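File shown here: protein_35.cif, holding mmCIF, C-alpha atoms.
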```cif
data_query
loop_
_atom_site.label_atom_id
_atom_site.label_comp_id
_atom_site.auth_asym_id
_atom_site.auth_seq_id
_atom_site.Cartn_x
_atom_site.Cartn_y
_atom_site.Cartn_z
CA MET A 487 -14.09 -60.29 -22.16
CA LYS A 488 -17.65 -59.01 -22.19
CA ILE A 489 -19.00 -59.51 -25.71
CA VAL A 490 -22.15 -58.23 -27.38
CA ALA A 491 -22.93 -60.04 -30.64
CA CYS A 492 -25.61 -58.35 -32.73
CA GLU A 493 -27.32 -59.25 -36.01
CA ILE A 494 -27.17 -62.99 -35.47
CA ASP A 495 -30.15 -63.34 -37.82
CA SER A 496 -28.02 -61.92 -40.64
CA VAL A 497 -25.41 -64.65 -40.13
CA GLY A 498 -27.99 -67.39 -39.76
CA ASN A 499 -29.84 -69.43 -37.17
CA ASP A 500 -28.80 -72.71 -38.76
CA ILE A 501 -25.17 -72.60 -37.61
CA LYS A 502 -23.53 -72.96 -34.21
CA TYR A 503 -22.15 -70.07 -32.14
CA ASP A 504 -20.40 -72.15 -29.49
CA SER A 505 -16.97 -70.73 -30.30
CA LEU A 506 -18.26 -67.19 -29.89
CA ALA A 507 -20.11 -68.04 -26.68
CA ASN A 508 -16.92 -69.57 -25.30
CA ALA A 509 -14.78 -66.56 -26.24
CA GLY A 510 -16.09 -64.58 -23.28
CA GLU A 511 -19.21 -63.46 -21.45
CA THR A 512 -21.37 -63.20 -24.56
CA VAL A 513 -24.83 -61.73 -25.05
CA PHE A 514 -26.53 -62.34 -28.40
CA TYR A 515 -29.03 -60.12 -30.22
CA THR A 516 -30.80 -60.84 -33.49
CA ASP A 517 -31.02 -57.22 -34.66
CA LYS A 518 -28.64 -54.31 -35.21
CA VAL A 519 -27.10 -52.07 -32.61
CA THR A 520 -28.49 -48.56 -33.00
CA GLU A 521 -28.24 -45.19 -31.31
CA ASP A 522 -31.54 -45.98 -29.57
CA ASN A 523 -30.45 -49.27 -27.99
CA ALA A 524 -26.68 -48.71 -27.64
CA THR A 525 -26.74 -47.29 -24.10
CA GLU A 526 -28.55 -50.33 -22.74
CA ARG A 527 -26.64 -52.95 -24.73
CA LEU A 528 -23.12 -51.57 -24.71
CA LYS A 529 -22.67 -49.97 -21.28
CA ASP A 530 -20.37 -52.83 -20.14
CA ALA A 531 -19.31 -54.25 -23.51
CA GLU A 532 -15.63 -54.65 -24.34
CA VAL A 533 -16.26 -56.31 -27.71
CA LEU A 534 -19.05 -55.66 -30.20
CA CYS A 535 -19.73 -58.04 -33.08
CA ILE A 536 -21.73 -56.65 -36.01
CA ASN A 537 -22.46 -57.20 -39.68
CA LYS A 538 -24.23 -54.19 -41.19
CA SER A 539 -24.86 -51.96 -38.16
CA GLN A 540 -23.88 -48.36 -38.83
CA ILE A 541 -21.46 -47.28 -36.12
CA THR A 542 -21.73 -43.61 -35.15
CA ASP A 543 -20.05 -41.36 -32.60
CA LYS A 544 -23.19 -41.54 -30.48
CA ILE A 545 -22.99 -45.35 -30.38
CA LEU A 546 -19.31 -45.19 -29.46
CA ASP A 547 -20.02 -42.61 -26.77
CA ALA A 548 -22.54 -45.05 -25.27
CA ALA A 549 -19.86 -47.75 -24.95
CA PRO A 550 -17.18 -46.41 -22.58
CA ASN A 551 -15.48 -49.81 -22.12
CA LEU A 552 -15.48 -50.84 -25.77
CA LYS A 553 -12.09 -51.95 -27.09
CA LEU A 554 -12.87 -53.94 -30.23
CA ILE A 555 -15.49 -54.15 -32.95
CA CYS A 556 -15.48 -57.45 -34.83
CA MET A 557 -17.09 -57.65 -38.25
CA PHE A 558 -19.02 -60.73 -39.34
CA ALA A 559 -17.68 -59.76 -42.77
CA THR A 560 -14.68 -58.77 -44.83
CA GLY A 561 -16.08 -55.32 -45.58
CA PHE A 562 -15.91 -52.70 -42.84
CA ASP A 563 -17.25 -49.46 -44.37
CA ASN A 564 -20.15 -49.32 -41.91
CA ALA A 565 -17.82 -49.67 -38.90
CA ASN A 566 -16.67 -46.05 -39.27
CA VAL A 567 -13.03 -46.90 -38.64
CA LYS A 568 -11.89 -43.28 -38.26
CA ALA A 569 -14.44 -42.62 -35.53
CA CYS A 570 -13.51 -45.89 -33.84
CA LYS A 571 -9.84 -44.96 -33.82
CA ALA A 572 -10.67 -41.59 -32.32
CA HIS A 573 -12.50 -43.41 -29.50
CA GLY A 574 -9.64 -45.86 -28.98
CA VAL A 575 -11.57 -48.76 -30.50
CA ASP A 576 -9.99 -51.24 -32.91
CA VAL A 577 -11.88 -52.85 -35.78
CA ALA A 578 -11.19 -56.41 -36.95
CA ASN A 579 -12.60 -58.03 -40.06
CA VAL A 580 -12.62 -61.59 -41.38
CA LYS A 581 -10.70 -62.38 -44.55
CA GLY A 582 -10.98 -65.32 -46.90
CA TYR A 583 -13.85 -67.12 -45.21
CA SER A 584 -16.21 -66.76 -48.20
CA THR A 585 -13.82 -67.30 -51.12
CA ASP A 586 -15.16 -70.71 -52.12
CA SER A 587 -18.77 -69.69 -51.59
CA VAL A 588 -18.53 -66.49 -53.67
CA ALA A 589 -16.63 -68.24 -56.46
CA GLN A 590 -19.27 -70.97 -56.55
CA HIS A 591 -22.11 -68.44 -56.75
CA THR A 592 -20.29 -66.59 -59.52
CA PHE A 593 -20.53 -69.66 -61.71
CA ALA A 594 -24.06 -70.48 -60.54
CA LEU A 595 -25.16 -67.10 -61.92
CA LEU A 596 -23.01 -67.48 -65.03
CA PHE A 597 -24.30 -70.89 -66.07
CA TYR A 598 -27.90 -69.97 -65.28
CA LEU A 599 -27.55 -67.17 -67.81
CA LEU A 600 -25.17 -68.83 -70.26
CA GLU A 601 -27.37 -71.89 -70.75
CA LYS A 602 -30.71 -69.97 -70.63
CA LEU A 603 -31.82 -72.17 -67.73
CA ARG A 604 -34.75 -70.03 -66.66
CA HIS A 605 -36.28 -70.38 -70.13
CA TYR A 606 -35.79 -74.15 -70.31
CA ASP A 607 -36.88 -74.82 -66.73
CA ASP A 608 -40.07 -72.80 -67.27
CA PHE A 609 -40.70 -74.69 -70.52
CA VAL A 610 -40.63 -78.06 -68.78
CA LYS A 611 -42.64 -76.96 -65.74
CA SER A 612 -45.30 -75.32 -67.89
CA GLY A 613 -46.17 -78.75 -69.30
CA ASP A 614 -45.18 -77.76 -72.83
CA TYR A 615 -42.27 -80.18 -72.92
CA GLY A 616 -44.53 -83.14 -72.13
CA ASN A 617 -46.88 -82.13 -74.92
CA GLN A 618 -44.33 -81.96 -77.74
CA GLU A 619 -43.08 -84.75 -79.98
CA HIS A 620 -39.36 -83.96 -79.95
CA PHE A 621 -37.04 -85.20 -77.20
CA CYS A 622 -35.47 -81.77 -76.66
CA LEU A 623 -35.87 -78.03 -77.24
CA LEU A 624 -33.23 -75.83 -78.82
CA ASP A 625 -35.04 -72.56 -79.48
CA GLN A 626 -32.53 -70.53 -77.45
CA PRO A 627 -28.99 -71.65 -78.39
CA PHE A 628 -26.23 -71.54 -75.79
CA HIS A 629 -22.45 -71.74 -75.97
CA GLU A 630 -19.65 -73.44 -74.08
CA LEU A 631 -17.45 -71.48 -71.71
CA ALA A 632 -14.44 -73.28 -73.17
CA GLY A 633 -12.65 -71.06 -75.67
CA GLN A 634 -14.24 -67.85 -74.42
CA THR A 635 -12.39 -64.92 -72.86
CA TYR A 636 -13.18 -64.49 -69.19
CA GLY A 637 -12.44 -61.02 -67.77
CA ILE A 638 -11.96 -60.52 -64.03
CA ILE A 639 -11.98 -57.14 -62.32
CA GLY A 640 -10.15 -57.47 -59.01
CA MET A 641 -7.56 -60.24 -58.71
CA GLY A 642 -7.67 -60.85 -54.97
CA ASN A 643 -8.38 -64.20 -53.33
CA ILE A 644 -11.83 -64.54 -54.86
CA GLY A 645 -10.68 -63.30 -58.26
CA ARG A 646 -7.89 -65.87 -58.32
CA LYS A 647 -10.26 -68.67 -57.33
CA VAL A 648 -12.64 -67.68 -60.11
CA ALA A 649 -9.72 -67.53 -62.54
CA GLN A 650 -8.71 -71.09 -61.60
CA ILE A 651 -12.23 -72.38 -62.17
CA ALA A 652 -12.68 -70.51 -65.46
CA THR A 653 -9.36 -71.90 -66.67
CA ALA A 654 -10.46 -75.41 -65.70
CA PHE A 655 -13.51 -74.93 -67.95
CA GLY A 656 -11.19 -73.99 -70.81
CA ALA A 657 -11.67 -70.22 -70.82
CA HIS A 658 -8.82 -67.76 -71.38
CA VAL A 659 -8.57 -65.47 -68.34
CA ILE A 660 -7.59 -61.83 -68.47
CA PHE A 661 -7.83 -59.39 -65.59
CA TYR A 662 -7.79 -55.73 -64.60
CA ALA A 663 -6.21 -54.73 -61.28
CA SER A 664 -8.87 -52.50 -59.72
CA SER A 665 -6.36 -51.19 -57.16
CA GLY A 666 -4.03 -50.04 -59.92
CA HIS A 667 -1.44 -52.74 -59.25
CA SER A 668 -1.25 -56.52 -59.00
CA ASP A 669 1.66 -58.90 -58.60
CA CYS A 670 -0.31 -61.74 -60.17
CA THR A 671 1.58 -63.18 -63.14
CA ASP A 672 -0.49 -66.33 -63.63
CA TYR A 673 -2.96 -64.58 -65.93
CA GLU A 674 -2.82 -61.85 -68.56
CA GLN A 675 -3.15 -58.38 -67.02
CA VAL A 676 -4.77 -55.76 -69.24
CA SER A 677 -6.21 -52.26 -69.08
CA LEU A 678 -9.87 -51.78 -68.20
CA ASP A 679 -10.75 -50.79 -71.77
CA GLU A 680 -9.08 -53.88 -73.18
CA LEU A 681 -10.84 -56.12 -70.71
CA LEU A 682 -14.21 -54.58 -71.56
CA THR A 683 -13.77 -54.97 -75.32
CA ARG A 684 -12.24 -58.46 -75.33
CA SER A 685 -14.25 -60.33 -72.68
CA ASP A 686 -17.17 -62.66 -73.33
CA VAL A 687 -17.78 -62.86 -69.58
CA ILE A 688 -16.86 -60.23 -66.99
CA SER A 689 -17.13 -60.83 -63.26
CA LEU A 690 -16.51 -58.24 -60.56
CA HIS A 691 -14.50 -59.16 -57.44
CA CYS A 692 -13.18 -55.78 -56.32
CA PRO A 693 -13.81 -53.75 -53.17
CA LEU A 694 -15.84 -50.55 -53.29
CA THR A 695 -13.43 -47.62 -53.28
CA ASP A 696 -13.23 -44.20 -54.87
CA ARG A 697 -11.53 -45.92 -57.82
CA THR A 698 -14.28 -48.50 -58.30
CA PHE A 699 -17.44 -46.49 -57.56
CA HIS A 700 -19.55 -46.76 -60.74
CA LEU A 701 -16.57 -48.29 -62.51
CA ILE A 702 -19.10 -50.01 -64.75
CA ASP A 703 -21.00 -47.04 -66.08
CA GLU A 704 -22.67 -46.35 -69.42
CA ASP A 705 -19.34 -45.69 -71.11
CA ALA A 706 -17.90 -48.97 -69.84
CA LEU A 707 -21.00 -50.95 -70.80
CA SER A 708 -20.94 -49.46 -74.30
CA LYS A 709 -17.47 -50.93 -74.82
CA MET A 710 -18.56 -54.47 -73.99
CA LYS A 711 -19.64 -57.04 -76.56
CA ASN A 712 -23.40 -57.08 -77.10
CA THR A 713 -23.29 -60.79 -76.21
CA ALA A 714 -21.23 -60.34 -73.03
CA ILE A 715 -22.39 -61.60 -69.65
CA LEU A 716 -21.71 -59.35 -66.63
CA ILE A 717 -21.59 -60.82 -63.11
CA ASN A 718 -21.42 -58.69 -59.96
CA VAL A 719 -20.67 -60.43 -56.67
CA ALA A 720 -18.51 -57.56 -55.35
CA ARG A 721 -20.35 -54.42 -54.21
CA GLY A 722 -23.48 -52.96 -55.73
CA ALA A 723 -22.19 -49.45 -56.32
CA VAL A 724 -19.39 -50.71 -58.58
CA ILE A 725 -22.13 -50.71 -61.23
CA ASP A 726 -24.29 -47.74 -62.18
CA ASP A 727 -27.77 -49.31 -61.98
CA ASP A 728 -29.35 -46.81 -64.37
CA ALA A 729 -26.67 -47.55 -66.96
CA LEU A 730 -27.09 -51.31 -66.51
CA TYR A 731 -30.85 -51.03 -66.94
CA LYS A 732 -30.30 -49.19 -70.21
CA ALA A 733 -27.69 -51.72 -71.35
CA ILE A 734 -30.05 -54.64 -70.77
CA THR A 735 -33.17 -53.06 -72.24
CA THR A 736 -31.38 -51.83 -75.37
CA GLY A 737 -29.36 -54.99 -75.99
CA MET A 738 -26.06 -53.25 -75.30
CA ILE A 739 -24.88 -56.38 -73.43
CA GLY A 740 -26.13 -59.94 -73.44
CA ALA A 741 -26.98 -60.67 -69.81
CA ALA A 742 -26.33 -59.72 -66.19
CA GLY A 743 -26.14 -61.69 -62.95
CA ILE A 744 -26.35 -59.48 -59.86
CA ASP A 745 -25.95 -60.50 -56.22
CA VAL A 746 -25.26 -57.08 -54.70
CA LEU A 747 -26.96 -53.70 -54.92
CA ALA A 748 -26.01 -50.19 -53.82
CA LYS A 749 -29.05 -50.16 -51.52
CA GLU A 750 -30.17 -53.42 -49.96
CA PRO A 751 -32.76 -54.80 -49.93
CA ILE A 752 -33.75 -53.71 -53.42
CA SER A 753 -36.04 -50.69 -53.52
CA GLN A 754 -38.94 -50.05 -55.86
CA ASP A 755 -37.15 -47.07 -57.36
CA ASN A 756 -34.16 -49.17 -58.37
CA PRO A 757 -34.38 -49.52 -62.16
CA LEU A 758 -33.21 -53.12 -61.91
CA SER A 759 -36.51 -53.98 -60.20
CA LYS A 760 -38.13 -53.43 -63.60
CA LEU A 761 -36.15 -56.32 -65.09
CA TYR A 762 -37.73 -59.20 -63.17
CA GLY A 763 -39.38 -60.56 -66.32
CA TYR A 764 -36.15 -60.69 -68.33
CA ASP A 765 -34.69 -64.15 -68.95
CA ASN A 766 -31.23 -62.62 -69.37
CA VAL A 767 -31.16 -61.09 -65.89
CA ALA A 768 -30.63 -62.94 -62.61
CA ILE A 769 -30.77 -61.07 -59.29
CA THR A 770 -30.06 -62.86 -56.02
CA PRO A 771 -30.38 -61.40 -52.48
CA HIS A 772 -26.73 -60.86 -51.49
CA MET A 773 -26.23 -64.56 -50.81
CA ALA A 774 -22.95 -65.35 -52.60
CA TRP A 775 -20.97 -65.19 -49.33
CA ALA A 776 -23.42 -67.28 -47.34
CA SER A 777 -22.91 -71.02 -47.75
CA VAL A 778 -23.30 -72.90 -44.47
CA GLU A 779 -19.60 -73.61 -44.49
CA ALA A 780 -18.64 -69.98 -45.14
CA ARG A 781 -20.87 -68.63 -42.38
CA SER A 782 -19.54 -71.21 -39.95
CA ARG A 783 -15.98 -70.22 -40.83
CA CYS A 784 -16.91 -66.56 -40.36
CA VAL A 785 -18.12 -67.13 -36.78
CA GLU A 786 -15.06 -69.23 -35.97
CA GLU A 787 -12.77 -66.49 -37.29
CA VAL A 788 -14.56 -63.80 -35.29
CA ALA A 789 -14.06 -65.88 -32.16
CA GLU A 790 -10.37 -66.25 -33.05
CA ASN A 791 -10.09 -62.48 -33.52
CA ILE A 792 -11.52 -61.92 -30.05
CA GLN A 793 -9.34 -64.52 -28.34
CA SER A 794 -6.20 -63.26 -30.05
CA TYR A 795 -7.02 -59.71 -28.99
CA ALA A 796 -7.59 -60.81 -25.42
CA ASN A 797 -4.25 -62.62 -25.45
CA GLY A 798 -2.41 -59.51 -26.58
CA THR A 799 -1.76 -60.77 -30.11
CA PRO A 800 -4.43 -58.96 -32.15
CA ARG A 801 -5.08 -60.19 -35.68
CA ASN A 802 -6.98 -58.84 -38.70
CA ILE A 803 -7.03 -55.29 -37.29
CA VAL A 804 -8.13 -52.82 -39.94
CA THR A 805 -5.68 -50.00 -40.60
CA ILE A 806 -6.47 -46.79 -42.45
#
```

Let me see whether you can do it: turn the structure in this file into structure tokens.
Amino acid sequence: MKIVACEIDSVGNDIKYDSLANAGETVFYTDKVTEDNATERLKDAEVLCINKSQITDKILDAAPNLKLICMFATGFDNANVKACKAHGVDVANVKGYSTDSVAQHTFALLFYLLEKLRHYDDFVKSGDYGNQEHFCLLDQPFHELAGQTYGIIGMGNIGRKVAQIATAFGAHVIFYASSGHSDCTDYEQVSLDELLTRSDVISLHCPLTDRTFHLIDEDALSKMKNTAILINVARGAVIDDDALYKAITTGMIGAAGIDVLAKEPISQDNPLSKLYGYDNVAITPHMAWASVEARSRCVEEVAENIQSYANGTPRNIVTI
């Protein structure tokens, strides 16, 4: 099959693409496919691989031979599945490749905030530690995760992995099914209000849907403990940024670790950009999914999606 793979820079130049190159006659591009370059790039393409490119009717019209769009991701909102279906184009995503990576980053953010690591790291690097008489510094106390209540919103593959790790640290896990239903019986399932009021830590692992858009708004934040830590490694728009800014600056909650934003990269008008000096806020650049291993698995899975499609046994096709 004739394959056009765009946005390679967004997946990384430090991993191998041999499996994708061997899946067909493949042309690689570092940037997005757009309405301006689609006619040139896609005139013969049967498969298009993308990450964040916004697929429009004009792009699809410029690709008369296109049969399949493969996402370098689990999410597929930008693929415009309805328009693709109308043009006879299937969309395939990649599931489960980033579970370990996202779960790991969840706890990287959590422990950075829980143990006040920015404060203590800055203290040592400033030279102040070397100039004091005591062997340690305890001016900002921290607590153990063991014995705390860990609330999870979205009990999919990543949510379950996080639950396993939190349990291993001795936390009691409760969860809210963001879809409205879950068959998970390994952990205590509760309502959203109960999760908000009971949890010492809350991490978000749900997709962005009509149900979850601004799920964490001012009302939700007001129900949380003023010592609670909120972690978002799901989708940015699950949280109302204005409400989170208010919650942090007024002490409504204890801390926040954010890896995803509604608009990326972060813009100057995002209120969270005013929190860079806060020790109780950690913002990372949408990197939770992106361990070397996870990105390598992602490329391998995309190649498998293409080969399976070519063999008449399509896999991971998105249905709506």

Evaluate the PyMOL selection byres ((chain A and resi 549-564) around 6) here and jot the selected residues down as a PyMOL selection string.
chain A and resi 528-529+531-537+540+546-548+565-566+575-581

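Take atom CA of A:Ile744 and atom CA of A:Leu678: the distance between them is 20.0 Å.
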
Hey, which of A:Gln650, A:Gln634, A:Asn791, A:Asn802 ends up closest to A:Arg684? Count all atoms listed in the file.
A:Gln634

Find the distance between atom CA of A:Arg697 and atom CA of A:Thr635 and write it in Å to one decimal.
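Between atom CA of A:Arg697 and atom CA of A:Thr635 the gap works out to 24.2 Å.
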
For the file shown, what are the residues hit by the PyMOL selection byres ((chain A and resi 759) around 12), laid out as a PyMOL selection string?
chain A and resi 727-728+730-731+744+747+751-758+760-764+767-770

Could you please take those selected residues and save C-alpha atoms as a PDB file, keeping the file's coordinate frame?
```
ATOM      1  CA  ASP A 727     -27.770 -49.310 -61.980  1.00  0.00           C
ATOM      2  CA  ASP A 728     -29.350 -46.810 -64.370  1.00  0.00           C
ATOM      3  CA  LEU A 730     -27.090 -51.310 -66.510  1.00  0.00           C
ATOM      4  CA  TYR A 731     -30.850 -51.030 -66.940  1.00  0.00           C
ATOM      5  CA  ILE A 744     -26.350 -59.480 -59.860  1.00  0.00           C
ATOM      6  CA  LEU A 747     -26.960 -53.700 -54.920  1.00  0.00           C
ATOM      7  CA  PRO A 751     -32.760 -54.800 -49.930  1.00  0.00           C
ATOM      8  CA  ILE A 752     -33.750 -53.710 -53.420  1.00  0.00           C
ATOM      9  CA  SER A 753     -36.040 -50.690 -53.520  1.00  0.00           C
ATOM     10  CA  GLN A 754     -38.940 -50.050 -55.860  1.00  0.00           C
ATOM     11  CA  ASP A 755     -37.150 -47.070 -57.360  1.00  0.00           C
ATOM     12  CA  ASN A 756     -34.160 -49.170 -58.370  1.00  0.00           C
ATOM     13  CA  PRO A 757     -34.380 -49.520 -62.160  1.00  0.00           C
ATOM     14  CA  LEU A 758     -33.210 -53.120 -61.910  1.00  0.00           C
ATOM     15  CA  LYS A 760     -38.130 -53.430 -63.600  1.00  0.00           C
ATOM     16  CA  LEU A 761     -36.150 -56.320 -65.090  1.00  0.00           C
ATOM     17  CA  TYR A 762     -37.730 -59.200 -63.170  1.00  0.00           C
ATOM     18  CA  GLY A 763     -39.380 -60.560 -66.320  1.00  0.00           C
ATOM     19  CA  TYR A 764     -36.150 -60.690 -68.330  1.00  0.00           C
ATOM     20  CA  VAL A 767     -31.160 -61.090 -65.890  1.00  0.00           C
ATOM     21  CA  ALA A 768     -30.630 -62.940 -62.610  1.00  0.00           C
ATOM     22  CA  ILE A 769     -30.770 -61.070 -59.290  1.00  0.00           C
ATOM     23  CA  THR A 770     -30.060 -62.860 -56.020  1.00  0.00           C
TER      24      THR A 770
END
```

Shell of 12 Å around stretch 667-676 of chain A, only C-alpha atoms, local chain residues under 2 positions omitted, as a VMD selection string
chain A and resid 635 to 643 645 to 650 652 to 653 657 to 665 678 to 685

Quote the spacing between atom CA of A:Ile644 and atom CA of A:Thr585 in Å to one decimal place.
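Going from atom CA of A:Ile644 over to atom CA of A:Thr585, I get 5.1 Å.
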
Quick one: residues within 10 Å of A:Gly498, only C-alpha atoms counted, chain neighbours fewer than 4 positions away excluded, as an MDAnalysis selection string?
chainID A and resid 493:494 502:503 516 776 778 781:782

So which one's closest to A:His591, A:His605, A:Arg527, A:His772, A:His629? Using all atoms listed in the file, please.
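So, comparing all the options, the nearest one is A:His772.
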
Residue among A:Val719, A:His573, A:Ser677, A:Met710 lying closest to A:Cys692, counting all atoms listed in the file
A:Val719

Might you pull out every residue within 9 Å of A:Arg604, with only C-alpha atoms counted and same-chain residues fewer than 6 positions away left off, and present them as number ranges by chain?
A: 598, 765-766

Running the PyMOL selection byres ((chain A and resi 513) around 8) on this model by hand, what would come out? Give it as a list in words.
Ile489, Val490, Ala491, Glu511, Thr512, Phe514 and Tyr515 of chain A

Using all atoms listed in the file, pick whichever of A:Asp608, A:Glu779, A:Glu619, A:Asp625 has the shortest atom-to-atom distance to A:Val588.
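Among the listed residues, A:Glu779 lies closest to A:Val588.
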
Any idea what's packed within 12 Å of A:Glu790, counting only C-alpha atoms, ignoring anything in its chain fewer than 3 positions away? Could you give it as a ChimeraX atom specification?
/A:505-510,556,578-580,783-787,793-797,799-802

The residue from A:Met487, A:Met773, A:Ile717, A:Ala572 with the smallest atom-to-atom distance to A:Gly743, counting all atoms listed in the file, is A:Ile717

Have a look at A:Thr735, A:Gly722, A:Val788, A:Ile803 and name the one nearest to A:Glu750; count all atoms listed in the file.
A:Gly722

Using all atoms listed in the file, what residues lie at most 12 Å away from (-17.6, -44.9, -64.0) (file coordinates), given as an MDAnalysis selection string?
chainID A and resid 678:679 695:708 723:730

Which residues, written as a short mmCIF file (atom, residue, chain, number, x, y, z; two decimals) with C-alpha atoms, in the frame of the given file, have at least one atom at most 8 Å from A:Ala720, with only C-alpha atoms counted and residues fewer than 6 positions away on the same chain left out?
```cif
data_model
loop_
_atom_site.label_atom_id
_atom_site.label_comp_id
_atom_site.auth_asym_id
_atom_site.auth_seq_id
_atom_site.Cartn_x
_atom_site.Cartn_y
_atom_site.Cartn_z
CA LEU A 690 -16.51 -58.24 -60.56
CA HIS A 691 -14.50 -59.16 -57.44
CA CYS A 692 -13.18 -55.78 -56.32
CA PRO A 693 -13.81 -53.75 -53.17
CA LEU A 694 -15.84 -50.55 -53.29
CA VAL A 746 -25.26 -57.08 -54.70
#
```
